[in-house]
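Undergrad: Below is model.pdb; it holds PDB, C-alpha atoms.
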ATOM      1  CA  MET V   1      20.745  12.812  16.166
ATOM      2  CA  ALA V   2      17.610  10.647  15.829
ATOM      3  CA  LEU V   3      17.575  11.187  12.068
ATOM      4  CA  LEU V   4      21.177  10.065  11.736
ATOM      5  CA  LEU V   5      20.508   6.945  13.754
ATOM      6  CA  ALA V   6      17.500   6.080  11.591
ATOM      7  CA  GLN V   7      19.452   6.096   8.313
ATOM      8  CA  PRO V   8      21.989   3.307   7.811
ATOM      9  CA  SER V   9      25.163   4.199   5.943
ATOM     10  CA  LYS V  10      27.045   0.935   6.478
ATOM     11  CA  ALA V  11      26.194  -2.648   5.681
ATOM     12  CA  GLN V  12      26.182  -3.674   9.330
ATOM     13  CA  ASP V  13      23.811  -0.922  10.537
ATOM     14  CA  LYS V  14      20.240  -1.757  11.476
ATOM     15  CA  THR V  15      17.477  -0.927   9.049
ATOM     16  CA  VAL V  16      13.971  -0.649  10.508
ATOM     17  CA  LEU V  17      11.073  -1.297   8.130
ATOM     18  CA  ALA V  18       7.630  -0.197   9.341
ATOM     19  CA  TYR V  19       4.632  -2.129   8.060
ATOM     20  CA  ILE V  20       0.897  -2.405   8.610
ATOM     21  CA  GLU V  21      -1.419  -5.392   8.545
ATOM     22  CA  GLU V  22      -2.468  -5.316   4.900
ATOM     23  CA  PRO V  23      -2.185  -8.635   3.059
ATOM     24  CA  PRO V  24      -0.774  -9.502   0.600
ATOM     25  CA  PHE V  25       1.691  -6.604   0.911
ATOM     26  CA  ALA V  26       2.535  -6.990   4.585
ATOM     27  CA  ALA V  27       1.030  -9.016   7.393
ATOM     28  CA  THR V  28       1.924 -11.175  10.362
ATOM     29  CA  ILE V  29       1.970 -14.714   8.980
ATOM     30  CA  ASN V  30       2.661 -17.615  11.356
ATOM     31  CA  GLY V  31       3.867 -15.080  13.893
ATOM     32  CA  GLN V  32       6.336 -13.400  11.532
ATOM     33  CA  PRO V  33       6.037 -10.323   9.267
ATOM     34  CA  ALA V  34       5.794 -11.333   5.617
ATOM     35  CA  GLY V  35       4.148 -10.264   2.376
ATOM     36  CA  SER V  36       5.101  -9.133  -1.117
ATOM     37  CA  ASP V  37       6.453  -5.746   0.011
ATOM     38  CA  VAL V  38       8.163  -7.079   3.143
ATOM     39  CA  ASP V  39       9.873  -9.899   1.250
ATOM     40  CA  LEU V  40      10.934  -7.567  -1.563
ATOM     41  CA  ALA V  41      12.376  -5.001   0.853
ATOM     42  CA  LYS V  42      14.330  -7.705   2.683
ATOM     43  CA  ALA V  43      15.694  -9.052  -0.614
ATOM     44  CA  VAL V  44      16.854  -5.615  -1.792
ATOM     45  CA  LEU V  45      18.371  -4.749   1.589
ATOM     46  CA  ALA V  46      20.235  -8.052   1.614
ATOM     47  CA  ARG V  47      21.659  -7.225  -1.814
ATOM     48  CA  MET V  48      22.841  -3.929  -0.297
ATOM     49  CA  GLY V  49      24.660  -5.851   2.423
ATOM     50  CA  VAL V  50      22.264  -4.913   5.215
ATOM     51  CA  LYS V  51      22.271  -7.775   7.693
ATOM     52  CA  ASP V  52      20.291  -6.340  10.605
ATOM     53  CA  ILE V  53      16.671  -5.738   9.548
ATOM     54  CA  GLU V  54      13.960  -5.028  12.097
ATOM     55  CA  LEU V  55      10.275  -5.201  11.158
ATOM     56  CA  LYS V  56       8.093  -2.787  13.121
ATOM     57  CA  LYS V  57       4.304  -3.092  13.041
ATOM     58  CA  VAL V  58       2.487   0.267  13.179
ATOM     59  CA  GLU V  59      -0.883   1.760  12.270
ATOM     60  CA  PHE V  60      -1.400   3.353   8.847
ATOM     61  CA  ALA V  61      -1.585   6.880  10.277
ATOM     62  CA  GLU V  62       1.882   6.437  11.828
ATOM     63  CA  LEU V  63       3.716   5.488   8.629
ATOM     64  CA  LEU V  64       4.440   8.838   6.991
ATOM     65  CA  PRO V  65       4.978  10.981  10.113
ATOM     66  CA  GLY V  66       7.073   8.236  11.688
ATOM     67  CA  VAL V  67       9.559   7.900   8.846
ATOM     68  CA  ALA V  68       9.554  11.687   8.317
ATOM     69  CA  ALA V  69      10.564  12.131  11.965
ATOM     70  CA  GLY V  70      13.339   9.552  11.687
ATOM     71  CA  ARG V  71      11.748   7.038  14.063
ATOM     72  CA  TRP V  72      12.514   4.246  11.563
ATOM     73  CA  THR V  73      14.320   3.851   8.245
ATOM     74  CA  MET V  74      11.610   3.063   5.709
ATOM     75  CA  ASN V  75       7.963   2.204   5.216
ATOM     76  CA  THR V  76       6.213  -0.597   3.427
ATOM     77  CA  ALA V  77       5.029   0.562   0.002
ATOM     78  CA  LEU V  78       2.388   3.292  -0.211
ATOM     79  CA  PHE V  79       0.807   5.017  -3.172
ATOM     80  CA  VAL V  80       2.978   7.858  -4.441
ATOM     81  CA  THR V  81       1.145  11.202  -4.449
ATOM     82  CA  PRO V  82       2.397  14.785  -4.825
ATOM     83  CA  ASP V  83       1.131  15.659  -1.335
ATOM     84  CA  ARG V  84       2.993  12.774   0.284
ATOM     85  CA  CYS V  85       6.140  13.715  -1.641
ATOM     86  CA  LYS V  86       6.220  16.956   0.335
ATOM     87  CA  THR V  87       7.010  15.083   3.551
ATOM     88  CA  VAL V  88       8.823  11.877   2.526
ATOM     89  CA  ALA V  89      11.136  10.619  -0.195
ATOM     90  CA  TYR V  90      10.174   7.573  -2.267
ATOM     91  CA  SER V  91      12.032   4.727  -3.873
ATOM     92  CA  ASN V  92      11.137   3.995  -7.442
ATOM     93  CA  PRO V  93       7.744   2.232  -7.782
ATOM     94  CA  ILE V  94       7.410  -1.490  -7.158
ATOM     95  CA  TRP V  95       3.816  -2.106  -8.269
ATOM     96  CA  ALA V  96       0.807  -0.572 -10.019
ATOM     97  CA  LEU V  97      -2.666  -1.416  -8.740
ATOM     98  CA  VAL V  98      -6.303  -0.602  -9.446
ATOM     99  CA  ASP V  99      -9.060  -0.264  -6.860
ATOM    100  CA  GLY V 100     -11.867  -2.544  -5.813
ATOM    101  CA  MET V 101     -14.479  -2.487  -3.033
ATOM    102  CA  ILE V 102     -15.508  -4.914  -0.322
ATOM    103  CA  VAL V 103     -19.274  -4.975   0.278
ATOM    104  CA  ARG V 104     -21.769  -7.086   2.172
ATOM    105  CA  ALA V 105     -22.546 -10.409   0.529
ATOM    106  CA  GLY V 106     -25.090  -9.958  -2.235
ATOM    107  CA  ASN V 107     -23.984  -6.340  -2.750
ATOM    108  CA  PRO V 108     -27.336  -4.899  -1.569
ATOM    109  CA  LYS V 109     -26.444  -1.343  -2.674
ATOM    110  CA  ARG V 110     -25.484  -2.588  -6.172
ATOM    111  CA  ILE V 111     -22.109  -0.876  -5.980
ATOM    112  CA  SER V 112     -20.100  -1.136  -9.207
ATOM    113  CA  SER V 113     -17.878   1.974  -9.139
ATOM    114  CA  TYR V 114     -17.141   5.115  -7.166
ATOM    115  CA  ALA V 115     -19.724   6.837  -9.374
ATOM    116  CA  SER V 116     -22.380   4.315  -8.374
ATOM    117  CA  VAL V 117     -21.686   5.127  -4.730
ATOM    118  CA  ALA V 118     -22.102   8.837  -5.489
ATOM    119  CA  ALA V 119     -25.424   8.169  -7.224
ATOM    120  CA  SER V 120     -26.820   6.143  -4.310
ATOM    121  CA  ASP V 121     -27.153   6.608  -0.566
ATOM    122  CA  ALA V 122     -24.262   4.213   0.118
ATOM    123  CA  ARG V 123     -21.672   5.104   2.753
ATOM    124  CA  LEU V 124     -17.984   4.372   2.234
ATOM    125  CA  GLY V 125     -15.650   3.285   5.008
ATOM    126  CA  VAL V 126     -12.080   4.411   4.294
ATOM    127  CA  VAL V 127      -8.775   4.298   6.115
ATOM    128  CA  LYS V 128      -7.985   7.909   7.007
ATOM    129  CA  GLY V 129      -5.340   9.427   4.767
ATOM    130  CA  THR V 130      -5.526   6.863   1.955
ATOM    131  CA  VAL V 131      -5.735   7.878  -1.699
ATOM    132  CA  GLN V 132      -9.186   6.305  -1.933
ATOM    133  CA  VAL V 133     -10.591   9.285  -0.011
ATOM    134  CA  GLY V 134      -9.596  11.525  -2.907
ATOM    135  CA  SER V 135     -10.915   9.064  -5.494
ATOM    136  CA  ALA V 136     -14.307   9.002  -3.784
ATOM    137  CA  LYS V 137     -14.535  12.780  -3.591
ATOM    138  CA  ALA V 138     -13.430  13.144  -7.223
ATOM    139  CA  ALA V 139     -16.290  10.842  -8.238
ATOM    140  CA  GLY V 140     -18.799  13.014  -6.404
ATOM    141  CA  VAL V 141     -19.276  11.045  -3.185
ATOM    142  CA  PRO V 142     -20.258  13.694  -0.604
ATOM    143  CA  ALA V 143     -17.983  14.060   2.405
ATOM    144  CA  GLU V 144     -20.794  13.196   4.829
ATOM    145  CA  ARG V 145     -20.980   9.699   3.275
ATOM    146  CA  ILE V 146     -17.231   9.052   3.582
ATOM    147  CA  VAL V 147     -16.552   7.644   7.039
ATOM    148  CA  GLU V 148     -12.888   7.553   8.087
ATOM    149  CA  PHE V 149     -11.380   4.817  10.265
ATOM    150  CA  GLY V 150      -7.933   4.124  11.662
ATOM    151  CA  ALA V 151      -7.535   0.577  10.324
ATOM    152  CA  GLN V 152      -9.199  -1.789   7.896
ATOM    153  CA  GLU V 153     -10.305  -4.168  10.660
ATOM    154  CA  GLU V 154     -12.581  -1.380  11.939
ATOM    155  CA  ILE V 155     -14.092  -0.915   8.476
ATOM    156  CA  ILE V 156     -14.791  -4.633   8.081
ATOM    157  CA  ALA V 157     -16.632  -4.614  11.410
ATOM    158  CA  ALA V 158     -18.602  -1.539  10.313
ATOM    159  CA  ILE V 159     -19.636  -3.197   7.035
ATOM    160  CA  LYS V 160     -20.835  -6.298   8.861
ATOM    161  CA  ALA V 161     -22.778  -4.099  11.310
ATOM    162  CA  GLY V 162     -24.363  -2.079   8.484
ATOM    163  CA  ARG V 163     -22.764   1.221   9.532
ATOM    164  CA  VAL V 164     -21.053   1.561   6.132
ATOM    165  CA  ASP V 165     -21.726  -0.178   2.845
ATOM    166  CA  ALA V 166     -18.371  -0.514   1.091
ATOM    167  CA  TYR V 167     -14.632  -0.359   1.666
ATOM    168  CA  PRO V 168     -12.454   0.877  -1.229
ATOM    169  CA  ASN V 169      -8.826  -0.147  -1.465
ATOM    170  CA  THR V 170      -6.699  -2.077  -3.947
ATOM    171  CA  ALA V 171      -8.532  -4.943  -5.630
ATOM    172  CA  LEU V 172      -5.505  -7.177  -5.123
ATOM    173  CA  GLY V 173      -5.348  -6.385  -1.427
ATOM    174  CA  HIS V 174      -9.060  -6.954  -1.038
ATOM    175  CA  ARG V 175      -8.863 -10.393  -2.650
ATOM    176  CA  ALA V 176      -6.111 -11.367  -0.229
ATOM    177  CA  LEU V 177      -8.016  -9.960   2.746
ATOM    178  CA  LEU V 178     -11.214 -11.818   1.876
ATOM    179  CA  ALA V 179      -9.253 -15.036   1.354
ATOM    180  CA  SER V 180      -7.765 -14.685   4.820
ATOM    181  CA  LEU V 181     -11.061 -13.763   6.514
ATOM    182  CA  LYS V 182     -13.167 -16.518   4.908
ATOM    183  CA  ASP V 183     -16.280 -14.578   5.951
ATOM    184  CA  ALA V 184     -19.471 -15.461   4.064
ATOM    185  CA  ASP V 185     -20.969 -12.069   4.988
ATOM    186  CA  LEU V 186     -18.419 -10.199   2.833
ATOM    187  CA  ALA V 187     -17.697 -10.106  -0.886
ATOM    188  CA  LEU V 188     -15.787  -8.187  -3.536
ATOM    189  CA  ALA V 189     -18.094  -5.921  -5.547
ATOM    190  CA  GLN V 190     -18.267  -7.436  -9.026
ATOM    191  CA  PRO V 191     -18.257  -6.216 -11.689
ATOM    192  CA  PHE V 192     -16.389  -3.119 -10.511
ATOM    193  CA  GLU V 193     -15.108  -0.284 -12.686
ATOM    194  CA  PRO V 194     -12.158   1.559 -11.146
ATOM    195  CA  PRO V 195     -11.513   5.210 -12.038
ATOM    196  CA  MET V 196     -10.483   5.572 -15.692
ATOM    197  CA  GLU V 197      -7.626   7.531 -17.249
ATOM    198  CA  ASN V 198      -7.094   7.853 -21.007
ATOM    199  CA  GLY V 199      -9.610   5.072 -21.605
ATOM    200  CA  ARG V 200      -7.907   2.595 -19.262
ATOM    201  CA  PRO V 201      -8.355   1.711 -15.589
ATOM    202  CA  LYS V 202      -6.294   4.190 -13.581
ATOM    203  CA  ALA V 203      -3.533   2.448 -11.669
ATOM    204  CA  GLY V 204      -1.837   3.852  -8.592
ATOM    205  CA  PHE V 205       1.902   3.321  -8.215
ATOM    206  CA  GLY V 206       3.317   2.174  -4.886
ATOM    207  CA  ALA V 207       6.839   2.670  -3.546
ATOM    208  CA  PHE V 208       8.783   2.447  -0.315
ATOM    209  CA  SER V 209       9.104   5.758   1.552
ATOM    210  CA  PHE V 210      11.991   7.238   3.544
ATOM    211  CA  ASN V 211      13.036  10.310   5.463
ATOM    212  CA  GLN V 212      13.918  13.094   3.029
ATOM    213  CA  ALA V 213      17.434  13.317   4.501
ATOM    214  CA  SER V 214      18.170   9.728   3.433
ATOM    215  CA  GLY V 215      19.337  10.574  -0.092
ATOM    216  CA  ALA V 216      22.478   8.424  -0.116
ATOM    217  CA  PHE V 217      20.666   5.405   1.337
ATOM    218  CA  ILE V 218      17.785   5.774  -1.138
ATOM    219  CA  ALA V 219      20.240   5.985  -4.050
ATOM    220  CA  ARG V 220      21.836   2.699  -2.968
ATOM    221  CA  PHE V 221      18.424   1.126  -2.440
ATOM    222  CA  ASN V 222      17.156   2.276  -5.850
ATOM    223  CA  ALA V 223      20.261   0.956  -7.588
ATOM    224  CA  GLU V 224      19.714  -2.550  -6.198
ATOM    225  CA  LEU V 225      15.954  -2.296  -6.692
ATOM    226  CA  ALA V 226      16.444  -1.475 -10.387
ATOM    227  CA  ARG V 227      18.670  -4.537 -10.847
ATOM    228  CA  PHE V 228      16.254  -6.820  -8.995
ATOM    229  CA  LEU V 229      12.793  -5.569 -10.047
ATOM    230  CA  GLY V 230      11.330  -7.662 -12.851
ATOM    231  CA  SER V 231      13.908 -10.442 -12.491
ATOM    232  CA  GLU V 232      12.910 -14.088 -12.200
ATOM    233  CA  ASP V 233      13.790 -14.040  -8.499
ATOM    234  CA  HIS V 234      11.645 -10.951  -7.903
ATOM    235  CA  ARG V 235       8.701 -12.375  -9.809
ATOM    236  CA  ALA V 236       8.948 -15.614  -7.849
ATOM    237  CA  ILE V 237       8.864 -13.726  -4.545
ATOM    238  CA  VAL V 238       5.758 -11.682  -5.320
ATOM    239  CA  ALA V 239       3.940 -14.403  -7.274
ATOM    240  CA  LYS V 240       3.408 -16.201  -3.953
ATOM    241  CA  TYR V 241       1.221 -13.258  -2.942
ATOM    242  CA  GLY V 242      -0.765 -12.904  -6.179
ATOM    243  CA  LEU V 243       1.245 -10.202  -7.975
ATOM    244  CA  GLY V 244       1.934 -10.875 -11.632
ATOM    245  CA  ASN V 245       3.103  -9.055 -14.720
ATOM    246  CA  GLU V 246      -0.008  -6.854 -14.764
ATOM    247  CA  GLU V 247       1.054  -5.319 -11.466
ATOM    248  CA  ILE V 248       4.826  -5.394 -12.085
ATOM    249  CA  ALA V 249       5.308  -4.288 -15.707
ATOM    250  CA  PRO V 250       4.016  -0.692 -15.361
ATOM    251  CA  ALA V 251       6.343  -0.118 -12.396
ATOM    252  CA  LEU V 252       9.454  -1.080 -14.361
ATOM    253  CA  THR V 253       9.458   2.174 -16.314
ATOM    254  CA  ALA V 254       7.801   4.508 -13.768
ATOM    255  CA  LYS V 255       9.822   7.023 -11.760
ATOM    256  CA  SER V 256       8.709   8.461  -8.444
ATOM    257  CA  GLU V 257      10.083  11.917  -9.261
ATOM    258  CA  GLU V 258       7.615  12.098 -12.148
ATOM    259  CA  LEU V 259       4.746  10.841  -9.996
ATOM    260  CA  CYS V 260       5.573  13.488  -7.393
ATOM    261  CA  LYS V 261       4.929  16.361  -9.808
TER     262      LYS V 261
END
Take the structure I supplied and represent it as structure tokens, if you would.

TA:
Amino acid sequence: MALLLAQPSKAQDKTVLAYIEEPPFAATINGQPAGSDVDLAKAVLARMGVKDIELKKVEFAELLPGVAAGRWTMNTALFVTPDRCKTVAYSNPIWALVDGMIVRAGNPKRISSYASVAASDARLGVVKGTVQVGSAKAAGVPAERIVEFGAQEEIIAAIKAGRVDAYPNTALGHRALLASLKDADLALAQPFEPPMENGRPKAGFGAFSFNQASGAFIARFNAELARFLGSEDHRAIVAKYGLGNEEIAPALTAKSEELCK
């Protein structure tokens, strides 16, 4: 019964969107949830006729199991990976992003890539379960130098205290986070070379996720998303949060079913 309640089938039913504090995608701004992903989801749901939308703040580790268990309708966008596709269903992608790293001001470990971390004694602070854990391991960073945390606020505190040396996540998200923190002790590692694929920086595709039993709702959502994504109204919404054509264009032709393979 809980699964049925979590999946709206009529315009008047409540849709619950779970989000985490991760600007510019989702964050509590002036006491209200907002961000590029939150605003986009609300716009698409409104086009579907959904009038009752609840925003639920959770921790990152709760997102996938929560929507998989039917405790809410959908999640803010997450990277699409084959492993995650085993437990949730995705909308089509809404953005494509490359990684960056936050370091202490002055970048004392001279971090310029995942490979540079592997070649040094630097310790990475990562949010448990994020794709950056796999990127670090693929670059040769030993597991004992990858320290997992529950939330990015904990990693920032650990960097400032010298317990870890860098925090990998999306470069776009990191720029927004640093702008909000205004902390002179932190900086974005520059220059930084993200993982490469076919001679180009490897981008990860993000999409909203749902319970796997929500096929009809996802089909309706994807239909409106396809009509809205890339439009002037969409671009105006996400431009406020720093997303431009570089992040949008690759998502226009990507399909989550292909990314799930």

Undergrad: If we count all atoms listed in the file, what is near Asp83 in chain V at a cut-off of 12 Å, once residues fewer than 4 positions away on the same chain are taken out, given as a PyMOL selection string?

TA: chain V and resi 64+79+87-89+129-131+134+259-261

Undergrad: Could you build a table of the residues in range 48-147 of chain V lying no more than 6 Å from range 185-203 of chain V, giving for each the nearest pair of atoms and their separation in Å rounded to one decimal place, using only C-alpha atoms, ordered by chain and ascending residue number, as a tab-separated table?

TA:
residue	atom	partner	partner_atom	distance
V:Ala96	CA	V:Ala203	CA	5.5
V:Leu97	CA	V:Ala203	CA	4.9
V:Val98	CA	V:Ala203	CA	4.7
V:Asp99	CA	V:Pro194	CA	5.6
V:Met101	CA	V:Ala189	CA	5.6
V:Ile102	CA	V:Leu188	CA	4.6
V:Val103	CA	V:Ala187	CA	5.5
V:Arg104	CA	V:Leu186	CA	4.6
V:Ala105	CA	V:Leu186	CA	4.7
V:Ser112	CA	V:Phe192	CA	4.4
V:Ser113	CA	V:Glu193	CA	5.0

Undergrad: Could you work out how far CA of Ala166 in chain V lies from CA of Glu148 in chain V, giving the answer in Å with one decimal?

TA: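 Taking CA of Glu148 in chain V as the start and CA of Ala166 in chain V as the end point, the length is 12.0 Å.
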
Undergrad: Could you please determine the separation between CA of Lys109 in chain V and CA of Asp121 in chain V in Å, to one decimal place?

TA: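 Computed distance, CA of Lys109 in chain V to CA of Asp121 in chain V, equals 8.3 Å.
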
Undergrad: Given the file shown, enumerate the residues that the PyMOL selection byres ((chain V and resi 19) around 8) captures and present them as an MDAnalysis selection string.

TA: chainID V and resid 17:18 20:21 26:27 38 55:59 63 75:76

Undergrad: Could you tell me which residues the PyMOL selection byres ((chain V and resi 24) around 9) grabs in this file, written as an MDAnalysis selection string?

TA: chainID V and resid 21:23 25:27 34:37 172:177 241:243

Undergrad: Quick check, in Å to one decimal: how far apart do CA of Ile146 in chain V and CA of Gly125 in chain V lie?

TA: 6.1 Å

Undergrad: With all atoms listed in the file as the atoms that count, which of V:Leu78, V:Ile94, V:Ala219, V:Met48 lies nearest to Arg235 in chain V?

TA: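 Result for the nearest residue to Arg235 in chain V: V:Ile94.
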
Undergrad: Take the point (-20.4, 0.0, 0.4) in the file's coordinates, draw a sphere of radius 6 Å around it, and report as a list in words every protein, DNA or RNA residue with an atom inside or on it, counting all atoms listed in the file.

TA: Val103, Ala122, Arg123, Leu124, Val164, Asp165, Ala166 and Tyr167 of chain V

Undergrad: So which residues touch Gly100 in chain V within 6 Å, counting all atoms listed in the file, skipping near sequence neighbours fewer than 2 positions away, as number ranges by chain?

TA: V: 168-171

Undergrad: Translate the PyMOL selection byres ((chain V and resi 42-46) around 12) into a concrete residue list for this structure, as number ranges by chain.

TA: V: 8, 10-17, 26, 33-41, 47-55, 73-74, 76, 91, 94, 208, 217-218, 220-229, 233-234, 236-238

Undergrad: Hey, can I get the axis-aligned box for range 241-244 of chain V? All listed atoms, 8 Å padding on each side, centre and edge lengths in Å to one decimal, as JSON.

TA:
{"center_x": 0.6, "center_y": -11.7, "center_z": -7.3, "size_x": 18.7, "size_y": 19.1, "size_z": 24.7}

Undergrad: Counting all atoms listed in the file, which residues have an atom no more than 9 Å from (-6.1, 3.5, 13.4) in the file's coordinates? Please list them as a PyMOL selection string.

TA: chain V and resi 59-62+127-128+149-152+154

Undergrad: From the list V:Ala213, V:Lys160, V:Gly206, V:Glu247, which residue is nearest Gly70 in chain V when using all atoms listed in the file?

TA: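 Going through V:Ala213, V:Lys160, V:Gly206, V:Glu247 one by one, the smallest distance to Gly70 in chain V is for V:Ala213.
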
Undergrad: Smallest atom-to-atom distance to Ile248 in chain V: which of V:Asp183, V:Glu232, V:Glu153, V:Glu144, using only C-alpha atoms?

TA: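 Closest residue, counting only C-alpha atoms: V:Glu232.
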
Undergrad: Find, counting only C-alpha atoms, the residue in V:Gln212, V:Leu178, V:Asn107, V:Asn92 that gets nearest to Pro250 in chain V.

TA: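 Of all the options, V:Asn92 lies closest to Pro250 in chain V.
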
Undergrad: Determine the nearest neighbour of Gly66 in chain V from the options V:Gly162, V:Asn211, V:Gly31, V:Gly204, counting all atoms listed in the file.

TA: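 For Gly66 in chain V, the nearest of the given residues is V:Asn211.
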